[in-house]
file work_19.cif (mmCIF, N, CA and C atoms and all ligand atoms)
data_coords
loop_
_atom_site.label_atom_id
_atom_site.label_comp_id
_atom_site.auth_asym_id
_atom_site.auth_seq_id
_atom_site.Cartn_x
_atom_site.Cartn_y
_atom_site.Cartn_z
N MET D 1 -33.61 102.13 125.39
CA MET D 1 -34.07 103.41 125.93
C MET D 1 -33.31 103.73 127.22
N MET D 2 -32.87 104.96 127.33
CA MET D 2 -32.11 105.35 128.50
C MET D 2 -33.04 105.70 129.66
N THR D 3 -32.59 105.40 130.86
CA THR D 3 -33.38 105.74 132.03
C THR D 3 -32.80 106.99 132.68
N ASP D 4 -33.53 107.52 133.66
CA ASP D 4 -33.06 108.69 134.39
C ASP D 4 -31.79 108.41 135.18
N ALA D 5 -31.55 107.14 135.49
CA ALA D 5 -30.39 106.79 136.30
C ALA D 5 -29.09 106.89 135.50
N THR D 6 -29.22 106.92 134.17
CA THR D 6 -28.04 107.00 133.34
C THR D 6 -27.48 108.42 133.35
N PRO D 7 -26.21 108.59 133.72
CA PRO D 7 -25.63 109.94 133.70
C PRO D 7 -25.67 110.51 132.28
N GLN D 8 -26.03 111.77 132.17
CA GLN D 8 -26.09 112.39 130.86
C GLN D 8 -24.68 112.72 130.38
N PRO D 9 -24.39 112.45 129.13
CA PRO D 9 -23.06 112.77 128.59
C PRO D 9 -22.80 114.27 128.72
N GLY D 10 -21.62 114.62 129.10
CA GLY D 10 -21.25 116.02 129.16
C GLY D 10 -21.56 116.69 130.48
N THR D 11 -22.25 115.99 131.38
CA THR D 11 -22.54 116.57 132.69
C THR D 11 -21.30 116.46 133.57
N PRO D 12 -20.82 117.59 134.13
CA PRO D 12 -19.64 117.52 135.00
C PRO D 12 -19.90 116.59 136.17
N ALA D 13 -18.86 115.83 136.57
CA ALA D 13 -19.03 114.83 137.61
C ALA D 13 -19.53 115.45 138.91
N ARG D 14 -19.04 116.66 139.22
CA ARG D 14 -19.42 117.25 140.50
C ARG D 14 -20.92 117.54 140.55
N GLU D 15 -21.57 117.65 139.39
CA GLU D 15 -23.01 117.89 139.39
C GLU D 15 -23.80 116.58 139.45
N ARG D 16 -23.13 115.49 139.13
CA ARG D 16 -23.82 114.20 139.16
C ARG D 16 -23.80 113.58 140.54
N GLU D 17 -22.73 113.86 141.29
CA GLU D 17 -22.55 113.17 142.56
C GLU D 17 -23.12 113.97 143.71
N LEU D 18 -24.14 113.41 144.35
CA LEU D 18 -24.75 114.07 145.49
C LEU D 18 -23.98 113.72 146.75
N SER D 19 -23.92 114.67 147.66
CA SER D 19 -23.35 114.39 148.97
C SER D 19 -24.24 113.38 149.69
N PRO D 20 -23.71 112.71 150.74
CA PRO D 20 -24.55 111.75 151.48
C PRO D 20 -25.85 112.38 151.97
N ALA D 21 -25.78 113.62 152.46
CA ALA D 21 -26.99 114.28 152.97
C ALA D 21 -28.01 114.50 151.85
N LYS D 22 -27.52 114.91 150.69
CA LYS D 22 -28.44 115.14 149.57
C LYS D 22 -28.97 113.83 149.01
N THR D 23 -28.15 112.79 149.06
CA THR D 23 -28.62 111.48 148.63
C THR D 23 -29.76 111.01 149.52
N ARG D 24 -29.60 111.21 150.82
CA ARG D 24 -30.68 110.86 151.76
C ARG D 24 -31.92 111.69 151.47
N GLU D 25 -31.73 112.96 151.22
CA GLU D 25 -32.88 113.83 150.96
C GLU D 25 -33.59 113.42 149.67
N ALA D 26 -32.79 113.06 148.65
CA ALA D 26 -33.38 112.61 147.39
C ALA D 26 -34.26 111.39 147.62
N ALA D 27 -33.78 110.44 148.44
CA ALA D 27 -34.54 109.23 148.71
C ALA D 27 -35.82 109.57 149.48
N THR D 28 -35.72 110.54 150.39
CA THR D 28 -36.88 110.93 151.19
C THR D 28 -37.94 111.61 150.32
N VAL D 29 -37.49 112.51 149.45
CA VAL D 29 -38.42 113.20 148.56
C VAL D 29 -39.14 112.18 147.67
N ARG D 30 -38.37 111.23 147.15
CA ARG D 30 -38.93 110.17 146.32
C ARG D 30 -40.00 109.39 147.10
N ARG D 31 -39.71 109.11 148.35
CA ARG D 31 -40.64 108.36 149.20
C ARG D 31 -41.94 109.15 149.39
N PHE D 32 -41.81 110.45 149.63
CA PHE D 32 -42.99 111.30 149.80
C PHE D 32 -43.83 111.30 148.52
N ILE D 33 -43.18 111.40 147.37
CA ILE D 33 -43.91 111.43 146.11
C ILE D 33 -44.59 110.08 145.87
N GLU D 34 -43.93 108.99 146.24
CA GLU D 34 -44.53 107.66 146.08
C GLU D 34 -45.81 107.54 146.90
N VAL D 35 -45.77 107.99 148.16
CA VAL D 35 -46.95 107.90 149.02
C VAL D 35 -48.11 108.68 148.39
N TYR D 36 -47.80 109.88 147.93
CA TYR D 36 -48.82 110.73 147.32
C TYR D 36 -49.40 110.08 146.07
N CYS D 37 -48.52 109.57 145.23
CA CYS D 37 -48.94 108.99 143.96
C CYS D 37 -49.77 107.71 144.20
N HIS D 38 -49.36 106.89 145.15
CA HIS D 38 -50.10 105.66 145.44
C HIS D 38 -51.54 105.97 145.83
N LYS D 39 -51.71 107.00 146.65
CA LYS D 39 -53.05 107.33 147.14
C LYS D 39 -53.89 108.05 146.09
N HIS D 40 -53.27 108.88 145.27
CA HIS D 40 -54.03 109.70 144.33
C HIS D 40 -54.15 109.08 142.96
N HIS D 41 -53.16 108.30 142.56
CA HIS D 41 -53.14 107.81 141.18
C HIS D 41 -53.08 106.30 141.09
N ARG D 42 -53.30 105.64 142.22
CA ARG D 42 -53.42 104.18 142.28
C ARG D 42 -52.21 103.45 141.72
N THR D 43 -51.02 103.97 141.99
CA THR D 43 -49.80 103.26 141.61
C THR D 43 -49.34 102.45 142.81
N ARG D 44 -48.32 101.60 142.57
CA ARG D 44 -47.85 100.71 143.64
C ARG D 44 -46.33 100.63 143.64
N GLY D 45 -45.78 100.27 144.83
CA GLY D 45 -44.35 100.01 144.95
C GLY D 45 -43.51 101.21 144.55
N ARG D 46 -42.48 100.97 143.75
CA ARG D 46 -41.60 102.05 143.31
C ARG D 46 -42.12 102.74 142.06
N THR D 47 -43.30 102.33 141.59
CA THR D 47 -43.85 102.88 140.36
C THR D 47 -44.54 104.21 140.60
N LEU D 48 -44.32 105.16 139.71
CA LEU D 48 -45.02 106.44 139.76
C LEU D 48 -45.77 106.64 138.45
N CYS D 49 -46.87 107.40 138.50
CA CYS D 49 -47.55 107.77 137.27
C CYS D 49 -46.66 108.77 136.52
N PRO D 50 -46.91 109.00 135.24
CA PRO D 50 -46.03 109.90 134.46
C PRO D 50 -45.91 111.29 135.08
N GLU D 51 -47.00 111.83 135.61
CA GLU D 51 -46.98 113.17 136.18
C GLU D 51 -46.07 113.22 137.42
N CYS D 52 -46.23 112.24 138.31
CA CYS D 52 -45.42 112.22 139.53
C CYS D 52 -43.98 111.84 139.22
N ASP D 53 -43.78 111.02 138.20
CA ASP D 53 -42.44 110.66 137.79
C ASP D 53 -41.69 111.91 137.31
N GLU D 54 -42.41 112.77 136.61
CA GLU D 54 -41.82 114.02 136.14
C GLU D 54 -41.45 114.92 137.32
N LEU D 55 -42.33 114.95 138.31
CA LEU D 55 -42.05 115.74 139.52
C LEU D 55 -40.83 115.19 140.25
N ALA D 56 -40.73 113.86 140.35
CA ALA D 56 -39.60 113.23 141.04
C ALA D 56 -38.29 113.54 140.31
N ALA D 57 -38.34 113.48 138.98
CA ALA D 57 -37.14 113.79 138.19
C ALA D 57 -36.76 115.25 138.37
N TYR D 58 -37.77 116.11 138.42
CA TYR D 58 -37.52 117.55 138.61
C TYR D 58 -36.91 117.80 139.99
N ALA D 59 -37.46 117.17 141.02
CA ALA D 59 -36.95 117.34 142.38
C ALA D 59 -35.50 116.90 142.47
N LEU D 60 -35.19 115.79 141.81
CA LEU D 60 -33.81 115.29 141.83
C LEU D 60 -32.88 116.25 141.10
N ARG D 61 -33.36 116.81 139.98
CA ARG D 61 -32.55 117.80 139.25
C ARG D 61 -32.28 119.03 140.11
N ARG D 62 -33.30 119.50 140.81
CA ARG D 62 -33.12 120.68 141.67
C ARG D 62 -32.10 120.39 142.75
N LEU D 63 -32.18 119.19 143.32
CA LEU D 63 -31.25 118.80 144.38
C LEU D 63 -29.83 118.69 143.83
N THR D 64 -29.73 118.12 142.64
CA THR D 64 -28.42 117.96 142.00
C THR D 64 -27.78 119.32 141.72
N HIS D 65 -28.60 120.31 141.41
CA HIS D 65 -28.07 121.62 141.06
C HIS D 65 -28.03 122.58 142.24
N CYS D 66 -28.50 122.14 143.41
CA CYS D 66 -28.45 123.00 144.60
C CYS D 66 -26.99 123.35 144.88
N PRO D 67 -26.65 124.65 144.89
CA PRO D 67 -25.25 125.06 145.06
C PRO D 67 -24.79 125.03 146.51
N PHE D 68 -25.71 124.79 147.44
CA PHE D 68 -25.36 124.90 148.86
C PHE D 68 -24.99 123.56 149.46
N GLU D 69 -23.93 123.58 150.27
CA GLU D 69 -23.47 122.37 150.96
C GLU D 69 -22.92 122.76 152.31
N PRO D 70 -23.56 122.42 153.42
CA PRO D 70 -24.79 121.63 153.44
C PRO D 70 -25.98 122.44 152.93
N LYS D 71 -26.94 121.74 152.40
CA LYS D 71 -28.12 122.37 151.86
C LYS D 71 -28.98 122.93 153.00
N PRO D 72 -29.40 124.21 152.88
CA PRO D 72 -30.31 124.75 153.91
C PRO D 72 -31.71 124.16 153.74
N LYS D 73 -32.54 124.34 154.75
CA LYS D 73 -33.95 123.96 154.57
C LYS D 73 -34.52 124.82 153.45
N CYS D 74 -35.35 124.21 152.61
CA CYS D 74 -35.86 124.95 151.45
C CYS D 74 -36.60 126.22 151.88
N LYS D 75 -37.35 126.13 152.98
CA LYS D 75 -38.14 127.31 153.36
C LYS D 75 -37.27 128.44 153.87
N GLU D 76 -36.02 128.13 154.23
CA GLU D 76 -35.11 129.16 154.72
C GLU D 76 -34.14 129.61 153.63
N CYS D 77 -34.27 129.02 152.46
CA CYS D 77 -33.34 129.31 151.38
C CYS D 77 -33.81 130.52 150.59
N LYS D 78 -32.87 131.35 150.14
CA LYS D 78 -33.23 132.56 149.40
C LYS D 78 -33.52 132.29 147.93
N VAL D 79 -33.08 131.12 147.45
CA VAL D 79 -33.14 130.88 146.02
C VAL D 79 -34.54 130.49 145.55
N HIS D 80 -35.23 129.63 146.32
CA HIS D 80 -36.55 129.11 145.91
C HIS D 80 -36.51 128.60 144.48
N CYS D 81 -35.73 127.55 144.27
CA CYS D 81 -35.42 127.11 142.91
C CYS D 81 -36.56 126.36 142.24
N TYR D 82 -37.55 125.92 142.99
CA TYR D 82 -38.68 125.23 142.36
C TYR D 82 -39.53 126.25 141.60
N GLN D 83 -39.80 125.95 140.34
CA GLN D 83 -40.64 126.82 139.53
C GLN D 83 -42.04 126.24 139.42
N SER D 84 -43.03 127.11 139.22
CA SER D 84 -44.38 126.63 138.98
C SER D 84 -44.39 125.83 137.68
N PRO D 85 -45.23 124.80 137.56
CA PRO D 85 -46.20 124.32 138.57
C PRO D 85 -45.59 123.32 139.56
N PHE D 86 -44.29 123.03 139.44
CA PHE D 86 -43.69 122.03 140.31
C PHE D 86 -43.71 122.48 141.77
N ARG D 87 -43.56 123.80 141.96
CA ARG D 87 -43.53 124.32 143.33
C ARG D 87 -44.84 124.02 144.06
N GLU D 88 -45.96 124.30 143.38
CA GLU D 88 -47.26 124.04 143.98
C GLU D 88 -47.46 122.54 144.21
N LYS D 89 -47.01 121.76 143.22
CA LYS D 89 -47.22 120.31 143.30
C LYS D 89 -46.40 119.69 144.44
N ILE D 90 -45.16 120.10 144.58
CA ILE D 90 -44.33 119.49 145.62
C ILE D 90 -44.85 119.89 147.00
N ARG D 91 -45.38 121.09 147.13
CA ARG D 91 -45.95 121.50 148.42
C ARG D 91 -47.17 120.65 148.74
N GLU D 92 -47.98 120.38 147.73
CA GLU D 92 -49.16 119.54 147.92
C GLU D 92 -48.74 118.13 148.34
N VAL D 93 -47.71 117.61 147.65
CA VAL D 93 -47.21 116.27 147.95
C VAL D 93 -46.67 116.21 149.38
N MET D 94 -45.86 117.22 149.75
CA MET D 94 -45.25 117.22 151.09
C MET D 94 -46.31 117.33 152.18
N LYS D 95 -47.33 118.13 151.90
CA LYS D 95 -48.41 118.30 152.88
C LYS D 95 -49.16 116.99 153.07
N PHE D 96 -49.53 116.37 151.95
CA PHE D 96 -50.29 115.12 152.02
C PHE D 96 -49.46 114.01 152.66
N SER D 97 -48.27 113.79 152.14
CA SER D 97 -47.44 112.69 152.63
C SER D 97 -46.91 112.99 154.03
N GLY D 98 -46.72 114.27 154.33
CA GLY D 98 -46.31 114.66 155.68
C GLY D 98 -47.36 114.23 156.70
N MET D 99 -48.64 114.45 156.35
CA MET D 99 -49.74 114.02 157.22
C MET D 99 -49.76 112.50 157.34
N HIS D 100 -49.51 111.84 156.20
CA HIS D 100 -49.48 110.38 156.16
C HIS D 100 -48.44 109.85 157.15
N PHE D 101 -47.24 110.42 157.10
CA PHE D 101 -46.17 109.95 158.00
C PHE D 101 -46.43 110.41 159.44
N ALA D 102 -47.03 111.60 159.59
CA ALA D 102 -47.32 112.11 160.93
C ALA D 102 -48.27 111.17 161.66
N ARG D 103 -49.27 110.65 160.93
CA ARG D 103 -50.22 109.72 161.54
C ARG D 103 -49.52 108.44 161.97
N ARG D 104 -48.37 108.15 161.34
CA ARG D 104 -47.61 106.96 161.70
C ARG D 104 -46.43 107.30 162.62
N GLY D 105 -46.47 108.49 163.19
CA GLY D 105 -45.42 108.86 164.14
C GLY D 105 -44.11 109.25 163.49
N ARG D 106 -44.17 109.64 162.20
CA ARG D 106 -42.95 110.00 161.49
C ARG D 106 -42.92 111.49 161.18
N ILE D 107 -43.37 112.30 162.11
CA ILE D 107 -43.41 113.75 161.91
C ILE D 107 -42.01 114.33 161.75
N ASP D 108 -41.01 113.54 162.15
CA ASP D 108 -39.63 114.00 162.04
C ASP D 108 -39.14 114.06 160.59
N TRP D 109 -39.94 113.54 159.67
CA TRP D 109 -39.50 113.52 158.28
C TRP D 109 -39.48 114.92 157.70
N LEU D 110 -39.26 114.98 156.39
CA LEU D 110 -38.88 116.23 155.75
C LEU D 110 -39.92 117.32 155.60
N ILE D 111 -41.09 117.12 156.17
CA ILE D 111 -42.14 118.10 155.92
C ILE D 111 -41.68 119.52 156.22
N LYS D 112 -40.84 119.68 157.23
CA LYS D 112 -40.39 121.02 157.61
C LYS D 112 -39.54 121.68 156.53
N TYR D 113 -38.98 120.87 155.64
CA TYR D 113 -38.14 121.44 154.58
C TYR D 113 -38.97 122.13 153.51
N PHE D 114 -40.21 121.73 153.39
CA PHE D 114 -40.96 122.17 152.23
C PHE D 114 -42.16 123.04 152.55
N LEU D 115 -42.60 123.04 153.77
CA LEU D 115 -43.74 123.87 154.11
C LEU D 115 -43.24 125.18 154.70
N GLY D 116 -43.42 126.24 153.97
CA GLY D 116 -42.90 127.54 154.41
C GLY D 116 -43.91 128.26 155.29
ZN ZN I 201 -49.00 110.15 140.47
#

call {"tool": "encode", "arguments": {"input": "work_19.cif", "output": "structure tokens"}}
result
Amino acid sequence: MMTDATPQPGTPARERELSPAKTREAATVRRFIEVYCHKHHRTRGRTLCPECDELAAYALRRLTHCPFEPKPKCKECKVHCYQSPFREKIREVMKFSGMHFARRGRIDWLIKYFLG
């Protein structure tokens, strides 16, 4: 069985390779989703429930297809590429996990990118 990490055949290389900034953002978004999923769906470590795993895959796809370099903050971007219901879900995740990190003094994290 193929995993999400496997490059899809036929995908142009430039769409597969994220810039360092986008790679960092992808890792951060994944971290936010993990925190949310652990608290709401009782998962652990790098494991996500199927619903959050789908959201994480979607977020990574959006980042991979983001045409801007450097990428603007999502709330300042004209495209708003997240479609419902992912848009509502990612905002919920960012809000929850943003509070989680804020309580730990990590307010500098990505919450500002997603809360418009
Ligand atoms: Zn979950």

call {"tool": "residues_near_ligand", "arguments": {"input": "work_19.cif", "ligand": "ligand ZN 201 (chain I)", "cutoff": "9 Å", "atoms": "only C-alpha atoms and all ligand atoms", "output": "number ranges by chain"}}
result
D: 33-34, 36-43, 47-53, 55

call {"tool": "residues_near_point", "arguments": {"input": "work_19.cif", "point": "(-36.6, 117.7, 143.0)", "cutoff": "9 Å", "atoms": "only C-alpha atoms", "output": "mmCIF file with N, CA and C atoms, in the frame of the given file"}}
result
data_model
loop_
_atom_site.group_PDB
_atom_site.id
_atom_site.type_symbol
_atom_site.label_atom_id
_atom_site.label_comp_id
_atom_site.auth_asym_id
_atom_site.auth_seq_id
_atom_site.Cartn_x
_atom_site.Cartn_y
_atom_site.Cartn_z
ATOM 1 N N ALA D 26 -32.790 113.060 148.650
ATOM 2 C CA ALA D 26 -33.380 112.610 147.390
ATOM 3 C C ALA D 26 -34.260 111.390 147.620
ATOM 4 N N VAL D 29 -37.490 112.510 149.450
ATOM 5 C CA VAL D 29 -38.420 113.200 148.560
ATOM 6 C C VAL D 29 -39.140 112.180 147.670
ATOM 7 N N ARG D 30 -38.370 111.230 147.150
ATOM 8 C CA ARG D 30 -38.930 110.170 146.320
ATOM 9 C C ARG D 30 -40.000 109.390 147.100
ATOM 10 N N LEU D 55 -42.330 114.950 138.310
ATOM 11 C CA LEU D 55 -42.050 115.740 139.520
ATOM 12 C C LEU D 55 -40.830 115.190 140.250
ATOM 13 N N ALA D 56 -40.730 113.860 140.350
ATOM 14 C CA ALA D 56 -39.600 113.230 141.040
ATOM 15 C C ALA D 56 -38.290 113.540 140.310
ATOM 16 N N ALA D 57 -38.340 113.480 138.980
ATOM 17 C CA ALA D 57 -37.140 113.790 138.190
ATOM 18 C C ALA D 57 -36.760 115.250 138.370
ATOM 19 N N TYR D 58 -37.770 116.110 138.420
ATOM 20 C CA TYR D 58 -37.520 117.550 138.610
ATOM 21 C C TYR D 58 -36.910 117.800 139.990
ATOM 22 N N ALA D 59 -37.460 117.170 141.020
ATOM 23 C CA ALA D 59 -36.950 117.340 142.380
ATOM 24 C C ALA D 59 -35.500 116.900 142.470
ATOM 25 N N LEU D 60 -35.190 115.790 141.810
ATOM 26 C CA LEU D 60 -33.810 115.290 141.830
ATOM 27 C C LEU D 60 -32.880 116.250 141.100
ATOM 28 N N ARG D 61 -33.360 116.810 139.980
ATOM 29 C CA ARG D 61 -32.550 117.800 139.250
ATOM 30 C C ARG D 61 -32.280 119.030 140.110
ATOM 31 N N ARG D 62 -33.300 119.500 140.810
ATOM 32 C CA ARG D 62 -33.120 120.680 141.670
ATOM 33 C C ARG D 62 -32.100 120.390 142.750
ATOM 34 N N LEU D 63 -32.180 119.190 143.320
ATOM 35 C CA LEU D 63 -31.250 118.800 144.380
ATOM 36 C C LEU D 63 -29.830 118.690 143.830
ATOM 37 N N THR D 64 -29.730 118.120 142.640
ATOM 38 C CA THR D 64 -28.420 117.960 142.000
ATOM 39 C C THR D 64 -27.780 119.320 141.720
ATOM 40 N N TYR D 82 -37.550 125.920 142.990
ATOM 41 C CA TYR D 82 -38.680 125.230 142.360
ATOM 42 C C TYR D 82 -39.530 126.250 141.600
ATOM 43 N N PHE D 86 -44.290 123.030 139.440
ATOM 44 C CA PHE D 86 -43.690 122.030 140.310
ATOM 45 C C PHE D 86 -43.710 122.480 141.770
ATOM 46 N N ILE D 90 -45.160 120.100 144.580
ATOM 47 C CA ILE D 90 -44.330 119.490 145.620
ATOM 48 C C ILE D 90 -44.850 119.890 147.000
#

call {"tool": "atom_distance", "arguments": {"input": "work_19.cif", "atom1": "CA of Arg24 in chain D", "atom2": "CA of Lys71 in chain D"}}
result
11.8 Å

call {"tool": "atom_distance", "arguments": {"input": "work_19.cif", "atom1": "atom C of Val35 in chain D", "atom2": "atom N of Ser97 in chain D"}}
result
6.3 Å

call {"tool": "closest_residue", "arguments": {"input": "work_19.cif", "among": "D:Phe32, D:Cys74, D:Ala27, D:Ala21", "to": "Phe96 in chain D", "atoms": "only N, CA and C atoms"}}
result
D:Phe32

call {"tool": "atom_distance", "arguments": {"input": "work_19.cif", "atom1": "atom C of Cys81 in chain D", "atom2": "atom C of Glu54 in chain D"}}
result
13.4 Å

call {"tool": "decode", "arguments": {"input": "work_19.cif", "residues": "range 15-113 of chain D", "atoms": "C-alpha atoms", "output": "CSV table (one decimal), in the first residue's frame"}}
result
chain,number,residue,atom,x,y,z
D,15,GLU,CA,5.0,20.8,-7.5
D,16,ARG,CA,6.5,18.1,-5.3
D,17,GLU,CA,9.4,20.1,-3.8
D,18,LEU,CA,8.5,22.6,-1.2
D,19,SER,CA,10.7,25.5,-0.5
D,20,PRO,CA,12.4,25.5,3.0
D,21,ALA,CA,9.8,28.0,4.3
D,22,LYS,CA,6.9,25.9,3.0
D,23,THR,CA,8.5,22.8,4.4
D,24,ARG,CA,8.7,24.4,7.8
D,25,GLU,CA,5.1,25.6,7.5
D,26,ALA,CA,4.0,22.1,6.5
D,27,ALA,CA,5.6,20.7,9.7
D,28,THR,CA,4.0,23.4,11.8
D,29,VAL,CA,0.5,22.8,10.4
D,30,ARG,CA,1.0,19.1,11.0
D,31,ARG,CA,2.0,19.8,14.6
D,32,PHE,CA,-1.1,21.9,15.1
D,33,ILE,CA,-3.4,19.2,13.7
D,34,GLU,CA,-1.7,16.6,16.0
D,35,VAL,CA,-2.3,18.7,19.1
D,36,TYR,CA,-6.0,19.1,18.1
D,37,CYS,CA,-6.4,15.4,17.3
D,38,HIS,CA,-4.7,14.2,20.5
D,39,LYS,CA,-7.1,16.2,22.6
D,40,HIS,CA,-10.3,15.6,20.7
D,41,HIS,CA,-9.8,12.1,19.3
D,42,ARG,CA,-7.5,10.5,21.8
D,43,THR,CA,-4.7,9.8,19.4
D,44,ARG,CA,-1.0,9.8,20.3
D,45,GLY,CA,2.4,10.7,18.9
D,46,ARG,CA,2.5,11.2,15.2
D,47,THR,CA,-0.8,9.3,14.7
D,48,LEU,CA,-3.9,11.0,13.5
D,49,CYS,CA,-7.5,9.8,13.3
D,50,PRO,CA,-8.7,9.3,9.7
D,51,GLU,CA,-10.6,12.6,9.7
D,52,CYS,CA,-7.6,14.7,10.9
D,53,ASP,CA,-5.3,12.7,8.7
D,54,GLU,CA,-7.4,13.7,5.7
D,55,LEU,CA,-7.2,17.4,6.9
D,56,ALA,CA,-3.4,17.1,7.2
D,57,ALA,CA,-3.1,15.6,3.7
D,58,TYR,CA,-5.4,18.4,2.4
D,59,ALA,CA,-3.3,21.1,4.1
D,60,LEU,CA,-0.2,19.7,2.6
D,61,ARG,CA,-1.8,19.6,-0.9
D,62,ARG,CA,-2.8,23.2,-0.6
D,63,LEU,CA,0.7,24.2,0.5
D,64,THR,CA,2.2,22.2,-2.4
D,65,HIS,CA,0.0,23.9,-4.9
D,66,CYS,CA,0.4,27.4,-3.4
D,67,PRO,CA,1.6,29.5,-6.4
D,68,PHE,CA,3.2,32.2,-4.2
D,69,GLU,CA,6.8,32.3,-3.2
D,70,PRO,CA,7.3,33.5,-0.6
D,71,LYS,CA,3.9,32.4,0.6
D,72,PRO,CA,1.8,35.3,2.0
D,73,LYS,CA,0.0,34.8,5.3
D,74,CYS,CA,-3.2,33.0,4.5
D,75,LYS,CA,-5.4,35.7,5.9
D,76,GLU,CA,-3.8,38.3,3.7
D,77,CYS,CA,-4.0,36.1,0.6
D,78,LYS,CA,-6.6,36.8,-2.1
D,79,VAL,CA,-6.9,33.2,-3.2
D,80,HIS,CA,-8.4,31.6,0.0
D,81,CYS,CA,-7.6,28.1,-1.4
D,82,TYR,CA,-9.1,26.1,1.5
D,83,GLN,CA,-12.6,24.9,0.5
D,84,SER,CA,-15.3,23.9,2.9
D,85,PRO,CA,-15.5,21.9,5.1
D,86,PHE,CA,-11.7,21.9,5.4
D,87,ARG,CA,-11.6,25.7,5.8
D,88,GLU,CA,-13.8,25.6,8.9
D,89,LYS,CA,-12.0,22.6,10.3
D,90,ILE,CA,-8.5,24.1,9.9
D,91,ARG,CA,-9.7,27.3,11.5
D,92,GLU,CA,-11.0,25.3,14.5
D,93,VAL,CA,-7.7,23.4,14.7
D,94,MET,CA,-5.6,26.6,14.5
D,95,LYS,CA,-7.7,28.3,17.2
D,96,PHE,CA,-7.6,25.3,19.6
D,97,SER,CA,-3.9,24.5,19.1
D,98,GLY,CA,-3.0,28.2,19.0
D,99,MET,CA,-4.5,28.5,22.5
D,100,HIS,CA,-2.6,25.3,23.5
D,101,PHE,CA,0.7,26.8,22.4
D,102,ALA,CA,-0.1,30.2,23.7
D,103,ARG,CA,-0.6,28.8,27.2
D,104,ARG,CA,2.9,27.4,26.8
D,105,GLY,CA,4.4,30.7,25.6
D,106,ARG,CA,4.4,29.7,22.0
D,107,ILE,CA,2.1,32.5,20.7
D,108,ASP,CA,4.7,33.2,18.0
D,109,TRP,CA,3.5,30.1,16.2
D,110,LEU,CA,1.4,30.1,13.1
D,111,ILE,CA,-1.9,31.1,14.5
D,112,LYS,CA,-1.7,34.4,12.8
D,113,TYR,CA,-1.6,32.7,9.4
